[in-house]
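Have a look at run.pdb; it's PDB, C-alpha atoms, pLDDT in the B column:
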```pdb
MODEL        1
ATOM      1  CA  MET A   1      -8.021 -17.144  16.200  1.00 84.00           C
ATOM      2  CA  ASN A   2      -9.794 -16.980  12.842  1.00 93.00           C
ATOM      3  CA  LEU A   3      -9.069 -14.147  10.437  1.00 96.00           C
ATOM      4  CA  LEU A   4     -12.364 -14.801   8.628  1.00 97.00           C
ATOM      5  CA  THR A   5     -15.488 -16.405  10.061  1.00 97.00           C
ATOM      6  CA  VAL A   6     -18.633 -16.817   7.979  1.00 97.00           C
ATOM      7  CA  SER A   7     -21.646 -18.102   9.894  1.00 96.00           C
ATOM      8  CA  LYS A   8     -25.105 -19.099   8.644  1.00 96.00           C
ATOM      9  CA  LEU A   9     -24.768 -17.072   5.440  1.00 96.00           C
ATOM     10  CA  SER A  10     -27.917 -16.791   3.332  1.00 96.00           C
ATOM     11  CA  ALA A  11     -28.378 -14.839   0.088  1.00 96.00           C
ATOM     12  CA  SER A  12     -30.865 -14.566  -2.744  1.00 95.00           C
ATOM     13  CA  TYR A  13     -31.127 -13.379  -6.326  1.00 93.00           C
ATOM     14  CA  GLY A  14     -34.565 -11.794  -6.238  1.00 91.00           C
ATOM     15  CA  VAL A  15     -37.012 -14.460  -5.088  1.00 91.00           C
ATOM     16  CA  SER A  16     -34.533 -17.275  -5.770  1.00 94.00           C
ATOM     17  CA  GLN A  17     -32.493 -18.225  -2.693  1.00 95.00           C
ATOM     18  CA  ALA A  18     -28.912 -19.193  -3.510  1.00 96.00           C
ATOM     19  CA  LEU A  19     -27.280 -19.754  -0.103  1.00 95.00           C
ATOM     20  CA  PHE A  20     -28.787 -21.583   2.858  1.00 96.00           C
ATOM     21  CA  GLY A  21     -26.705 -21.099   5.986  1.00 95.00           C
ATOM     22  CA  VAL A  22     -23.180 -21.452   4.562  1.00 96.00           C
ATOM     23  CA  SER A  23     -20.421 -21.461   7.198  1.00 96.00           C
ATOM     24  CA  LEU A  24     -16.623 -21.434   6.863  1.00 96.00           C
ATOM     25  CA  SER A  25     -13.566 -20.093   8.654  1.00 96.00           C
ATOM     26  CA  LEU A  26      -9.992 -19.275   7.769  1.00 96.00           C
ATOM     27  CA  LYS A  27      -6.900 -18.495   9.834  1.00 96.00           C
ATOM     28  CA  ALA A  28      -3.957 -16.310   8.855  1.00 93.00           C
ATOM     29  CA  GLY A  29      -1.482 -18.287   6.754  1.00 94.00           C
ATOM     30  CA  GLU A  30      -4.044 -20.975   5.935  1.00 96.00           C
ATOM     31  CA  VAL A  31      -5.237 -22.018   2.473  1.00 97.00           C
ATOM     32  CA  LEU A  32      -8.879 -23.080   2.226  1.00 97.00           C
ATOM     33  CA  ALA A  33     -10.536 -24.656  -0.813  1.00 96.00           C
ATOM     34  CA  LEU A  34     -14.184 -23.817  -1.469  1.00 96.00           C
ATOM     35  CA  MET A  35     -15.416 -26.681  -3.632  1.00 95.00           C
ATOM     36  CA  GLY A  36     -18.543 -27.906  -5.371  1.00 93.00           C
ATOM     37  CA  ARG A  37     -20.089 -28.288  -8.796  1.00 91.00           C
ATOM     38  CA  ASN A  38     -21.017 -25.298 -10.950  1.00 89.00           C
ATOM     39  CA  GLY A  39     -23.999 -23.376  -9.643  1.00 89.00           C
ATOM     40  CA  MET A  40     -23.719 -24.614  -6.061  1.00 93.00           C
ATOM     41  CA  GLY A  41     -23.064 -21.191  -4.524  1.00 94.00           C
ATOM     42  CA  LYS A  42     -19.281 -20.803  -4.471  1.00 95.00           C
ATOM     43  CA  SER A  43     -19.049 -17.495  -6.336  1.00 93.00           C
ATOM     44  CA  THR A  44     -22.136 -16.217  -4.536  1.00 96.00           C
ATOM     45  CA  THR A  45     -20.378 -16.876  -1.236  1.00 97.00           C
ATOM     46  CA  ILE A  46     -17.370 -14.884  -2.469  1.00 95.00           C
ATOM     47  CA  LYS A  47     -19.607 -11.995  -3.565  1.00 95.00           C
ATOM     48  CA  CYS A  48     -21.123 -11.884  -0.101  1.00 96.00           C
ATOM     49  CA  ILE A  49     -17.739 -11.923   1.650  1.00 96.00           C
ATOM     50  CA  CYS A  50     -16.495  -9.114  -0.604  1.00 95.00           C
ATOM     51  CA  ARG A  51     -19.739  -7.189  -0.014  1.00 95.00           C
ATOM     52  CA  MET A  52     -20.781  -7.186  -3.657  1.00 93.00           C
ATOM     53  CA  MET A  53     -24.062  -8.828  -2.708  1.00 92.00           C
ATOM     54  CA  ALA A  54     -26.472  -8.455   0.197  1.00 92.00           C
ATOM     55  CA  ALA A  55     -26.565 -11.330   2.662  1.00 93.00           C
ATOM     56  CA  GLN A  56     -28.004 -12.434   5.958  1.00 94.00           C
ATOM     57  CA  GLY A  57     -25.870 -14.088   8.596  1.00 95.00           C
ATOM     58  CA  GLN A  58     -22.503 -13.085   9.989  1.00 95.00           C
ATOM     59  CA  ILE A  59     -19.231 -12.261   8.216  1.00 97.00           C
ATOM     60  CA  ILE A  60     -16.445 -11.389  10.644  1.00 96.00           C
ATOM     61  CA  PHE A  61     -13.058 -10.334   9.262  1.00 96.00           C
ATOM     62  CA  ASP A  62     -10.251  -9.481  11.679  1.00 94.00           C
ATOM     63  CA  GLY A  63     -12.825  -8.949  14.426  1.00 93.00           C
ATOM     64  CA  GLN A  64     -15.038  -6.631  12.372  1.00 93.00           C
ATOM     65  CA  ASP A  65     -18.553  -7.342  11.121  1.00 94.00           C
ATOM     66  CA  LEU A  66     -18.630  -6.866   7.346  1.00 94.00           C
ATOM     67  CA  THR A  67     -22.330  -7.355   6.752  1.00 89.00           C
ATOM     68  CA  ARG A  68     -23.166  -3.627   6.687  1.00 87.00           C
ATOM     69  CA  LEU A  69     -20.054  -2.492   4.812  1.00 90.00           C
ATOM     70  CA  GLN A  70     -19.780  -1.553   1.149  1.00 91.00           C
ATOM     71  CA  SER A  71     -17.327  -3.466  -1.038  1.00 92.00           C
ATOM     72  CA  HIS A  72     -14.633  -0.764  -1.090  1.00 91.00           C
ATOM     73  CA  ALA A  73     -14.635  -0.622   2.702  1.00 92.00           C
ATOM     74  CA  ALA A  74     -14.221  -4.393   2.953  1.00 91.00           C
ATOM     75  CA  ALA A  75     -11.321  -4.239   0.499  1.00 92.00           C
ATOM     76  CA  ARG A  76      -9.601  -1.567   2.570  1.00 92.00           C
ATOM     77  CA  LEU A  77      -9.727  -3.835   5.597  1.00 94.00           C
ATOM     78  CA  GLY A  78      -7.461  -6.256   3.733  1.00 95.00           C
ATOM     79  CA  ILE A  79      -9.515  -8.448   1.373  1.00 96.00           C
ATOM     80  CA  GLY A  80      -7.981  -8.877  -2.081  1.00 94.00           C
ATOM     81  CA  LEU A  81     -10.102 -10.485  -4.812  1.00 93.00           C
ATOM     82  CA  VAL A  82      -8.899 -12.128  -8.011  1.00 93.00           C
ATOM     83  CA  PRO A  83     -12.276 -12.311  -9.769  1.00 87.00           C
ATOM     84  CA  GLU A  84     -13.490 -15.002 -12.104  1.00 80.00           C
ATOM     85  CA  GLY A  85     -12.751 -13.885 -15.660  1.00 71.00           C
ATOM     86  CA  ARG A  86      -9.743 -11.761 -14.569  1.00 70.00           C
ATOM     87  CA  ARG A  87     -11.353  -8.370 -15.395  1.00 81.00           C
ATOM     88  CA  CYS A  88      -8.142  -6.469 -15.978  1.00 86.00           C
ATOM     89  CA  PHE A  89      -8.397  -2.848 -17.143  1.00 80.00           C
ATOM     90  CA  ALA A  90      -7.990  -3.625 -20.827  1.00 83.00           C
ATOM     91  CA  SER A  91      -6.951  -0.157 -22.022  1.00 87.00           C
ATOM     92  CA  LEU A  92      -4.330   0.323 -19.287  1.00 91.00           C
ATOM     93  CA  SER A  93      -0.788  -1.017 -19.360  1.00 94.00           C
ATOM     94  CA  VAL A  94       0.426  -3.747 -17.034  1.00 94.00           C
ATOM     95  CA  GLU A  95       2.151  -1.157 -14.871  1.00 93.00           C
ATOM     96  CA  GLU A  96      -0.921   1.089 -14.800  1.00 93.00           C
ATOM     97  CA  ASN A  97      -3.133  -1.845 -13.757  1.00 90.00           C
ATOM     98  CA  LEU A  98      -0.803  -2.579 -10.871  1.00 94.00           C
ATOM     99  CA  ARG A  99      -0.331   1.017  -9.765  1.00 92.00           C
ATOM    100  CA  ALA A 100      -4.088   1.653  -9.879  1.00 89.00           C
ATOM    101  CA  ALA A 101      -4.559  -0.902  -7.082  1.00 88.00           C
ATOM    102  CA  ALA A 102      -1.468  -0.055  -5.035  1.00 90.00           C
ATOM    103  CA  ARG A 103      -1.685   0.521  -1.302  1.00 90.00           C
ATOM    104  CA  ALA A 104       1.202   0.974   1.092  1.00 90.00           C
ATOM    105  CA  GLY A 105       2.724  -2.252   2.363  1.00 91.00           C
ATOM    106  CA  GLU A 106       5.038  -5.127   1.621  1.00 91.00           C
ATOM    107  CA  TRP A 107       3.785  -5.791  -1.918  1.00 94.00           C
ATOM    108  CA  ASP A 108       5.071  -3.374  -4.550  1.00 93.00           C
ATOM    109  CA  MET A 109       5.966  -3.452  -8.241  1.00 92.00           C
ATOM    110  CA  ALA A 110       9.321  -5.133  -7.628  1.00 94.00           C
ATOM    111  CA  LYS A 111       7.857  -7.897  -5.488  1.00 94.00           C
ATOM    112  CA  VAL A 112       5.044  -8.636  -7.950  1.00 94.00           C
ATOM    113  CA  ALA A 113       7.624  -8.738 -10.758  1.00 94.00           C
ATOM    114  CA  ALA A 114       9.671 -11.241  -8.765  1.00 94.00           C
ATOM    115  CA  LEU A 115       6.628 -13.489  -8.423  1.00 94.00           C
ATOM    116  CA  PHE A 116       5.619 -13.040 -12.088  1.00 94.00           C
ATOM    117  CA  PRO A 117       8.675 -12.083 -14.198  1.00 93.00           C
ATOM    118  CA  ARG A 118       6.515 -11.958 -17.347  1.00 91.00           C
ATOM    119  CA  LEU A 119       4.738  -8.907 -15.971  1.00 93.00           C
ATOM    120  CA  ALA A 120       8.040  -7.065 -15.695  1.00 92.00           C
ATOM    121  CA  GLU A 121       8.820  -7.961 -19.316  1.00 92.00           C
ATOM    122  CA  ARG A 122       5.427  -6.631 -20.449  1.00 91.00           C
ATOM    123  CA  ARG A 123       5.024  -3.723 -18.068  1.00 91.00           C
ATOM    124  CA  SER A 124       4.352  -1.205 -20.859  1.00 92.00           C
ATOM    125  CA  GLN A 125       1.933  -3.413 -22.826  1.00 91.00           C
ATOM    126  CA  ARG A 126      -1.801  -2.859 -22.638  1.00 92.00           C
ATOM    127  CA  ALA A 127      -3.609  -5.565 -20.688  1.00 88.00           C
ATOM    128  CA  ALA A 128      -5.793  -6.315 -23.708  1.00 90.00           C
ATOM    129  CA  SER A 129      -2.710  -7.473 -25.620  1.00 92.00           C
ATOM    130  CA  LEU A 130      -1.691 -10.078 -23.024  1.00 90.00           C
ATOM    131  CA  SER A 131      -2.416 -13.775 -23.250  1.00 90.00           C
ATOM    132  CA  GLY A 132      -5.055 -15.255 -20.959  1.00 88.00           C
ATOM    133  CA  GLY A 133      -2.382 -16.628 -18.641  1.00 89.00           C
ATOM    134  CA  GLU A 134      -0.574 -13.293 -18.480  1.00 92.00           C
ATOM    135  CA  GLN A 135      -3.845 -11.529 -17.717  1.00 92.00           C
ATOM    136  CA  GLN A 136      -4.395 -13.981 -14.865  1.00 92.00           C
ATOM    137  CA  MET A 137      -0.951 -13.217 -13.484  1.00 93.00           C
ATOM    138  CA  LEU A 138      -1.802  -9.527 -13.756  1.00 93.00           C
ATOM    139  CA  ALA A 139      -5.090 -10.035 -11.900  1.00 94.00           C
ATOM    140  CA  ILE A 140      -3.271 -11.816  -9.059  1.00 95.00           C
ATOM    141  CA  GLY A 141      -0.540  -9.170  -9.014  1.00 95.00           C
ATOM    142  CA  ARG A 142      -3.149  -6.407  -8.919  1.00 94.00           C
ATOM    143  CA  ALA A 143      -4.833  -8.029  -5.909  1.00 95.00           C
ATOM    144  CA  LEU A 144      -1.468  -8.389  -4.157  1.00 96.00           C
ATOM    145  CA  MET A 145      -0.725  -4.698  -4.763  1.00 95.00           C
ATOM    146  CA  THR A 146      -3.612  -3.886  -2.404  1.00 95.00           C
ATOM    147  CA  ASN A 147      -1.510  -5.591   0.306  1.00 95.00           C
ATOM    148  CA  PRO A 148      -4.314  -7.837   1.501  1.00 96.00           C
ATOM    149  CA  ARG A 149      -4.418 -10.124   4.517  1.00 95.00           C
ATOM    150  CA  LEU A 150      -6.883 -12.406   2.726  1.00 97.00           C
ATOM    151  CA  LEU A 151      -6.437 -13.284  -0.951  1.00 97.00           C
ATOM    152  CA  ILE A 152      -9.459 -14.780  -2.724  1.00 96.00           C
ATOM    153  CA  LEU A 153      -8.888 -16.647  -5.996  1.00 95.00           C
ATOM    154  CA  ASP A 154     -12.104 -17.317  -7.912  1.00 91.00           C
ATOM    155  CA  GLU A 155     -11.410 -19.894 -10.656  1.00 88.00           C
ATOM    156  CA  ALA A 156      -7.864 -18.610 -11.178  1.00 84.00           C
ATOM    157  CA  THR A 157      -6.844 -21.381 -13.601  1.00 87.00           C
ATOM    158  CA  GLU A 158     -10.079 -21.758 -15.581  1.00 84.00           C
ATOM    159  CA  GLY A 159      -9.579 -21.904 -19.340  1.00 82.00           C
ATOM    160  CA  LEU A 160      -5.781 -21.717 -19.210  1.00 84.00           C
ATOM    161  CA  ALA A 161      -3.300 -24.020 -20.941  1.00 87.00           C
ATOM    162  CA  PRO A 162      -1.902 -26.747 -18.652  1.00 90.00           C
ATOM    163  CA  ILE A 163       1.607 -25.258 -18.513  1.00 90.00           C
ATOM    164  CA  ILE A 164       0.213 -21.860 -17.507  1.00 89.00           C
ATOM    165  CA  ARG A 165      -2.045 -23.449 -14.924  1.00 90.00           C
ATOM    166  CA  GLN A 166       1.007 -25.039 -13.344  1.00 92.00           C
ATOM    167  CA  GLU A 167       2.724 -21.635 -13.205  1.00 91.00           C
ATOM    168  CA  ILE A 168      -0.293 -20.175 -11.408  1.00 92.00           C
ATOM    169  CA  TRP A 169      -0.389 -23.061  -8.921  1.00 94.00           C
ATOM    170  CA  ALA A 170       3.348 -22.685  -8.323  1.00 94.00           C
ATOM    171  CA  SER A 171       2.822 -19.017  -7.499  1.00 94.00           C
ATOM    172  CA  VAL A 172       0.047 -19.885  -5.027  1.00 94.00           C
ATOM    173  CA  ALA A 173       2.330 -22.447  -3.379  1.00 94.00           C
ATOM    174  CA  GLU A 174       5.044 -19.793  -3.144  1.00 94.00           C
ATOM    175  CA  LEU A 175       2.625 -17.353  -1.541  1.00 94.00           C
ATOM    176  CA  LYS A 176       1.676 -19.986   1.012  1.00 93.00           C
ATOM    177  CA  ALA A 177       5.279 -20.865   1.807  1.00 92.00           C
ATOM    178  CA  GLN A 178       6.691 -17.353   2.000  1.00 89.00           C
ATOM    179  CA  THR A 179       3.897 -15.094   3.265  1.00 89.00           C
ATOM    180  CA  GLY A 180       1.371 -15.035   6.077  1.00 85.00           C
ATOM    181  CA  LEU A 181      -1.492 -14.557   3.660  1.00 94.00           C
ATOM    182  CA  ALA A 182      -4.746 -16.382   4.207  1.00 97.00           C
ATOM    183  CA  ILE A 183      -5.893 -17.709   0.828  1.00 97.00           C
ATOM    184  CA  LEU A 184      -9.392 -18.804  -0.188  1.00 97.00           C
ATOM    185  CA  VAL A 185      -9.418 -20.765  -3.450  1.00 96.00           C
ATOM    186  CA  ILE A 186     -12.263 -21.772  -5.741  1.00 94.00           C
ATOM    187  CA  ASP A 187     -11.113 -24.186  -8.430  1.00 89.00           C
ATOM    188  CA  LYS A 188     -11.903 -27.516 -10.067  1.00 85.00           C
ATOM    189  CA  SER A 189      -8.305 -28.798 -10.098  1.00 86.00           C
ATOM    190  CA  VAL A 190      -8.666 -31.296  -7.269  1.00 89.00           C
ATOM    191  CA  LYS A 191      -5.131 -32.683  -7.601  1.00 88.00           C
ATOM    192  CA  GLU A 192      -3.564 -29.250  -7.243  1.00 92.00           C
ATOM    193  CA  LEU A 193      -5.945 -28.253  -4.451  1.00 93.00           C
ATOM    194  CA  ARG A 194      -4.899 -31.334  -2.497  1.00 92.00           C
ATOM    195  CA  SER A 195      -1.247 -30.358  -2.745  1.00 92.00           C
ATOM    196  CA  ILE A 196      -1.736 -26.731  -1.629  1.00 94.00           C
ATOM    197  CA  CYS A 197      -4.822 -26.434   0.576  1.00 96.00           C
ATOM    198  CA  ASP A 198      -4.960 -27.153   4.299  1.00 96.00           C
ATOM    199  CA  ARG A 199      -8.719 -27.552   4.560  1.00 96.00           C
ATOM    200  CA  ALA A 200     -11.807 -27.651   2.353  1.00 96.00           C
ATOM    201  CA  VAL A 201     -15.455 -26.674   2.517  1.00 96.00           C
ATOM    202  CA  VAL A 202     -17.813 -28.320   0.022  1.00 95.00           C
ATOM    203  CA  LEU A 203     -21.054 -26.684  -1.100  1.00 96.00           C
ATOM    204  CA  GLU A 204     -24.071 -28.478  -2.496  1.00 94.00           C
ATOM    205  CA  ARG A 205     -27.124 -26.466  -3.573  1.00 94.00           C
ATOM    206  CA  GLY A 206     -26.102 -23.518  -1.470  1.00 95.00           C
ATOM    207  CA  ARG A 207     -25.379 -25.460   1.709  1.00 95.00           C
ATOM    208  CA  SER A 208     -22.157 -26.472   3.449  1.00 94.00           C
ATOM    209  CA  VAL A 209     -22.292 -30.272   3.205  1.00 93.00           C
ATOM    210  CA  TRP A 210     -18.721 -31.127   4.192  1.00 94.00           C
ATOM    211  CA  ARG A 211     -15.780 -29.406   5.866  1.00 93.00           C
ATOM    212  CA  GLY A 212     -12.504 -30.739   7.154  1.00 94.00           C
ATOM    213  CA  GLN A 213      -8.830 -31.311   6.470  1.00 95.00           C
ATOM    214  CA  MET A 214      -7.998 -31.563   2.783  1.00 93.00           C
ATOM    215  CA  ALA A 215      -6.336 -34.928   3.374  1.00 91.00           C
ATOM    216  CA  ALA A 216      -9.644 -36.261   4.704  1.00 93.00           C
ATOM    217  CA  LEU A 217     -11.566 -35.403   1.525  1.00 91.00           C
ATOM    218  CA  SER A 218     -11.975 -38.861   0.034  1.00 89.00           C
ATOM    219  CA  ASP A 219     -12.310 -39.778  -3.618  1.00 88.00           C
ATOM    220  CA  ASP A 220     -15.899 -40.878  -2.912  1.00 89.00           C
ATOM    221  CA  LEU A 221     -16.781 -37.485  -1.449  1.00 88.00           C
ATOM    222  CA  THR A 222     -15.088 -35.756  -4.354  1.00 89.00           C
ATOM    223  CA  ARG A 223     -17.086 -37.769  -6.875  1.00 89.00           C
ATOM    224  CA  GLN A 224     -20.310 -37.185  -4.942  1.00 87.00           C
ATOM    225  CA  TYR A 225     -20.047 -33.428  -4.509  1.00 87.00           C
ATOM    226  CA  VAL A 226     -17.485 -32.113  -6.966  1.00 85.00           C
ATOM    227  CA  GLY A 227     -18.200 -34.411  -9.872  1.00 74.00           C
ATOM    228  CA  VAL A 228     -14.656 -35.300 -10.885  1.00 55.00           C
TER     229      VAL A 228
ENDMDL
END
```
Show the structure stored in the file as structure tokens.
Amino acid sequence: MNLLTVSKLSASYGVSQALFGVSLSLKAGEVLALMGRNGMGKSTTIKCICRMMAAQGQIIFDGQDLTRLQSHAAARLGIGLVPEGRRCFASLSVEENLRAAARAGEWDMAKVAALFPRLAERRSQRAASLSGGEQQMLAIGRALMTNPRLLILDEATEGLAPIIRQEIWASVAELKAQTGLAILVIDKSVKELRSICDRAVVLERGRSVWRGQMAALSDDLTRQYVGV
């Protein structure tokens, strides 16, 4: 049974339509890559799932229709977002950022610190003083503190140094191996996506043009639709 099912999703920015019937699904414990070139509708799809943008179509999460919910209600159902650009609370400390998002459940300060030891070392520092990679770890930790069933990573390694990117990918692999989280990933790192993701959905101009097992995504398809 799917944890998340998105069917025939359409959305617009004013008179400009951005999504044309996008469909995808995700089971508990599965990692799905949402792929495509810039501007093809990936982040718009995420905004619709998280109820930050109006949409037509169907979004079913854990048996509930999300299309009429506000974003905070969708989050409370168990959707944790790591947004593009991190968006940490700059004036708050690492610990305050994490506690601000905390909900009862398996993930707490100690467990986040075990996943990202740097956050424990910098728990009293303001988020604004952290490096980009540390801020990304904090954004992931903050999402985990909501104790989600679905974790969405929107460009989680963009703009980071290669060594930090590898740390982030290692943490995602650990989450996959040790938790029952469903994870939806948007990223351009095809090599790393191949090693972590079970399946992929490819968007082109706001439409789902390919979906299937990650191992079946050929180099030709990658060049055609992802551009790398």
Q: Check what the PyMOL selection byres ((chain A and resi 151-159) around 10) selects in the file above and give those residues as a PyMOL selection string.
A: chain A and resi 31-34+42-43+46+49-50+78-86+132-133+136-137+139-140+143-144+146-150+160-162+164-169+172+175+181-189
**Q.** Chain and number of each residue from the PyMOL selection byres ((chain A and resi 55-71) around 6), as a ChimeraX atom specification
**A.** /A:3-11,50-52,54,72-74
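Counting all atoms listed in the file, A:Glu134 has the following residues at most 9 Å away, ignoring those fewer than 4 positions along the same chain: Phe116, Arg118, Leu119, Ala127, Leu130, Leu138, Ala139 and Ile164 of chain A.
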Emit the selected residues as an mmCIF file, keeping the file's coordinate frame, including C-alpha atoms.
```cif
data_model
loop_
_atom_site.group_PDB
_atom_site.id
_atom_site.type_symbol
_atom_site.label_atom_id
_atom_site.label_comp_id
_atom_site.auth_asym_id
_atom_site.auth_seq_id
_atom_site.Cartn_x
_atom_site.Cartn_y
_atom_site.Cartn_z
ATOM 1 C CA PHE A 116 5.619 -13.040 -12.088
ATOM 2 C CA ARG A 118 6.515 -11.958 -17.347
ATOM 3 C CA LEU A 119 4.738 -8.907 -15.971
ATOM 4 C CA ALA A 127 -3.609 -5.565 -20.688
ATOM 5 C CA LEU A 130 -1.691 -10.078 -23.024
ATOM 6 C CA LEU A 138 -1.802 -9.527 -13.756
ATOM 7 C CA ALA A 139 -5.090 -10.035 -11.900
ATOM 8 C CA ILE A 164 0.213 -21.860 -17.507
#
```
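One distance worth recording is that between atom CA of A:Lys27 and atom CA of A:Cys88, which is 28.5 Å.
Separating atom CA of A:Glu204 from atom CA of A:Gly14 is a distance of 20.1 Å.
When atom CA of A:Glu95 is paired with atom CA of A:Arg123, their separation reads 5.0 Å.
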Q) Got a sec to resolve the PyMOL selection byres ((chain A and resi 197) around 8) on this structure and send the residues as a list in words? A) Glu30, Val31, Leu32, Ala33, Leu193, Arg194, Ser195, Ile196, Asp198, Arg199, Ala200 and Met214 of chain A
Q. Taking (-2.0, 3.4, -14.7) in the file's coordinates, which residues come within 12 Å, counting all atoms listed in the file, written as a VMD selection string?
A. chain A and resid 88 to 102 123 to 127 142
Q | Test item: which residues lie within 10 Å of (-31.5, -19.3, -7.8) counting all atoms listed in the file, as number ranges by chain | A | A: 11-19, 39-41, 205-206
Q | Selected residue of minimal separation from A:Thr222 among A:Ala120, A:Met35, A:Ala75, A:Val112, counting all atoms listed in the file | A | A:Met35
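In terms of minimum interatomic distance to A:Ala113, A:Ser171 ranks closest within A:Arg87, A:Cys48, A:Leu77, A:Ser171, counting only C-alpha atoms.
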Draw an axis-aligned box over all listed atoms of stretch 212-221 of chain A, pad each side with 6 Å, and write its centre and edge lengths in Å, one decimal, as lines of an AutoDock Vina configuration file.
```
center_x = -11.6
center_y = -35.8
center_z = 1.8
size_x = 22.4
size_y = 22.1
size_z = 22.8
```
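Shortest separation to A:Ala28 among A:Asn2, A:Gln213, A:Ser218, A:Ser208 occurs at residue A:Asn2, atoms counted being only C-alpha atoms.
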